[in-house]
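Reproduced below: target28.cif, with mmCIF, C-alpha atoms.
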data_input
loop_
_atom_site.label_atom_id
_atom_site.label_comp_id
_atom_site.auth_asym_id
_atom_site.auth_seq_id
_atom_site.Cartn_x
_atom_site.Cartn_y
_atom_site.Cartn_z
CA MET A 1 88.21 119.58 66.82
CA ALA A 2 90.90 117.55 68.60
CA ALA A 3 93.45 119.08 70.92
CA ASP A 4 96.68 117.47 71.99
CA LYS A 5 98.00 117.67 75.52
CA LEU A 6 101.74 117.17 75.96
CA GLU A 7 103.02 116.15 79.39
CA LYS A 8 106.67 115.69 80.37
CA ALA A 9 108.48 114.04 83.25
CA GLY A 10 112.11 113.50 84.08
CA VAL A 11 112.95 109.81 84.29
CA SER A 12 115.59 107.34 85.28
CA PHE A 13 115.79 103.63 84.64
CA GLY A 14 116.28 100.56 86.81
CA ILE A 15 116.67 96.83 86.31
CA ARG A 16 114.40 94.16 87.70
CA ASN A 17 114.72 90.41 87.36
CA GLN A 18 111.18 88.99 87.29
CA GLY A 19 111.04 85.22 87.19
CA GLY A 20 114.10 84.89 84.99
CA ALA A 21 113.15 87.72 82.61
CA ILE A 22 115.23 90.86 82.95
CA THR A 23 113.26 94.07 82.57
CA VAL A 24 114.25 97.72 82.40
CA GLU A 25 111.85 99.87 84.41
CA VAL A 26 111.02 103.47 83.62
CA ARG A 27 111.07 105.43 86.88
CA PRO A 28 109.56 108.93 86.66
CA ASN A 29 111.21 111.39 89.01
CA HIS A 30 107.85 112.98 89.84
CA ASP A 31 104.19 112.03 89.40
CA THR A 32 103.51 114.72 86.79
CA ILE A 33 101.95 112.74 83.92
CA ALA A 34 98.27 112.16 84.63
CA ALA A 35 97.91 109.36 82.08
CA LEU A 36 100.63 107.34 83.84
CA ARG A 37 99.45 107.66 87.44
CA GLY A 38 99.37 104.19 88.91
CA VAL A 39 101.07 102.68 85.84
CA GLN A 40 104.46 100.96 85.80
CA VAL A 41 106.22 100.89 82.41
CA SER A 42 108.90 98.25 81.83
CA PHE A 43 110.75 96.90 78.83
CA GLU A 44 111.35 93.16 78.69
CA LEU A 45 114.78 92.30 77.33
CA LEU A 46 115.51 89.43 74.96
CA ASN A 47 116.21 86.00 76.39
CA GLY A 48 119.94 85.49 76.58
CA ILE A 49 120.72 89.06 77.64
CA THR A 50 123.00 88.78 80.64
CA LEU A 51 122.74 90.93 83.73
CA ALA A 52 126.05 92.57 82.78
CA GLN A 53 124.65 93.48 79.33
CA ALA A 54 121.48 94.81 80.93
CA LYS A 55 123.54 97.01 83.26
CA LYS A 56 125.44 98.45 80.27
CA LEU A 57 122.12 99.22 78.59
CA LEU A 58 120.88 100.78 81.82
CA ASP A 59 123.97 103.01 82.03
CA VAL A 60 123.47 104.20 78.44
CA LEU A 61 119.79 104.97 79.07
CA ASN A 62 120.46 106.84 82.32
CA GLU A 63 123.25 108.89 80.70
CA ASN A 64 121.33 109.83 77.55
CA VAL A 65 117.56 109.85 78.20
CA ILE A 66 116.43 112.86 80.20
CA GLY A 67 112.68 112.62 80.04
CA LEU A 68 109.47 110.97 78.96
CA LEU A 69 106.92 112.73 76.77
CA VAL A 70 103.28 111.63 76.65
CA THR A 71 100.78 113.13 74.21
CA THR A 72 97.09 112.58 74.79
CA THR A 73 94.44 113.66 72.32
CA LEU A 74 91.28 115.21 73.66
CA ASP A 75 88.41 115.57 71.21
CA ASP A 76 85.39 117.81 71.80
CA LYS A 77 83.27 114.91 73.13
CA THR A 78 85.91 113.98 75.70
CA LYS A 79 86.21 117.60 76.82
CA ALA A 80 82.43 117.97 77.11
CA ALA A 81 82.15 114.75 79.14
CA ALA A 82 84.95 115.84 81.45
CA ALA A 83 83.57 119.33 82.05
CA PRO A 84 80.89 118.32 84.63
CA GLU A 85 83.43 116.15 86.43
CA VAL A 86 85.88 119.03 86.67
CA ALA A 87 83.14 121.39 87.86
CA THR A 88 82.20 119.07 90.73
CA LYS A 89 85.85 118.83 91.86
CA VAL A 90 86.27 122.60 91.99
#

Whole structure given in structure tokens:
Amino acid sequence: MAADKLEKAGVSFGIRNQGGAITVEVRPNHDTIAALRGVQVSFELLNGITLAQAKKLLDVLNENVIGLLVTTTLDDKTKAAAAPEVATKV
């Protein structure tokens, strides 16, 4: 039987210009989502989007998005494989 694990984190957004492409970065306020540890999530914007347009988008995101939700599915095999690992850490 599969079980779902829901993790939440408060987020904000930032803009980065990487080699001509403008990206919107997701910036978690805390490192609370295990599946995203060490991961940077960014959205690449369409070519032709100006920096001013990107900043407007950024303002809308920061004013209206309060968090990020990540759902991971753990089946019985995954749980069984993880059990010895958890036991050795305890």

Would you translate the PyMOL selection byres ((chain A and resi 34) around 12) into the concrete set of residues it matches in this file, as a ChimeraX atom specification? /A:5-9,28,30-33,35-39,69-72

Report as a count of residues only the full result of the PyMOL selection byres ((chain A and resi 44) around 8) when it is applied to this structure. 8

What's the separation between atom CA of A:Gly67 and atom CA of A:Ser12, in Å to one decimal place? 8.0 Å

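Note that atom CA of A:Val26 and atom CA of A:Leu74 are 25.0 Å apart.
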
Across A:Asp75, A:Glu25, A:Asn17, A:Asn62, the smallest distance to A:Asn47, with only C-alpha atoms counted, is shown by A:Asn17

When you look at A:Val60 with a cut-off of 12 Å (counting only C-alpha atoms), what residues show up, excluding the ones that are within fewer than 5 positions of it in the same chain? I need them as a ChimeraX atom specification. /A:12-14,24,53-55,65-66

Point-to-point distance from atom CA of A:Leu68 to atom CA of A:Arg27, Å rounded to tenths: 9.8 Å

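Shortest separation to A:Thr50 among A:Gly10, A:Glu63, A:Asn29, A:Ile15 occurs at residue A:Ile15, atoms counted being only C-alpha atoms.
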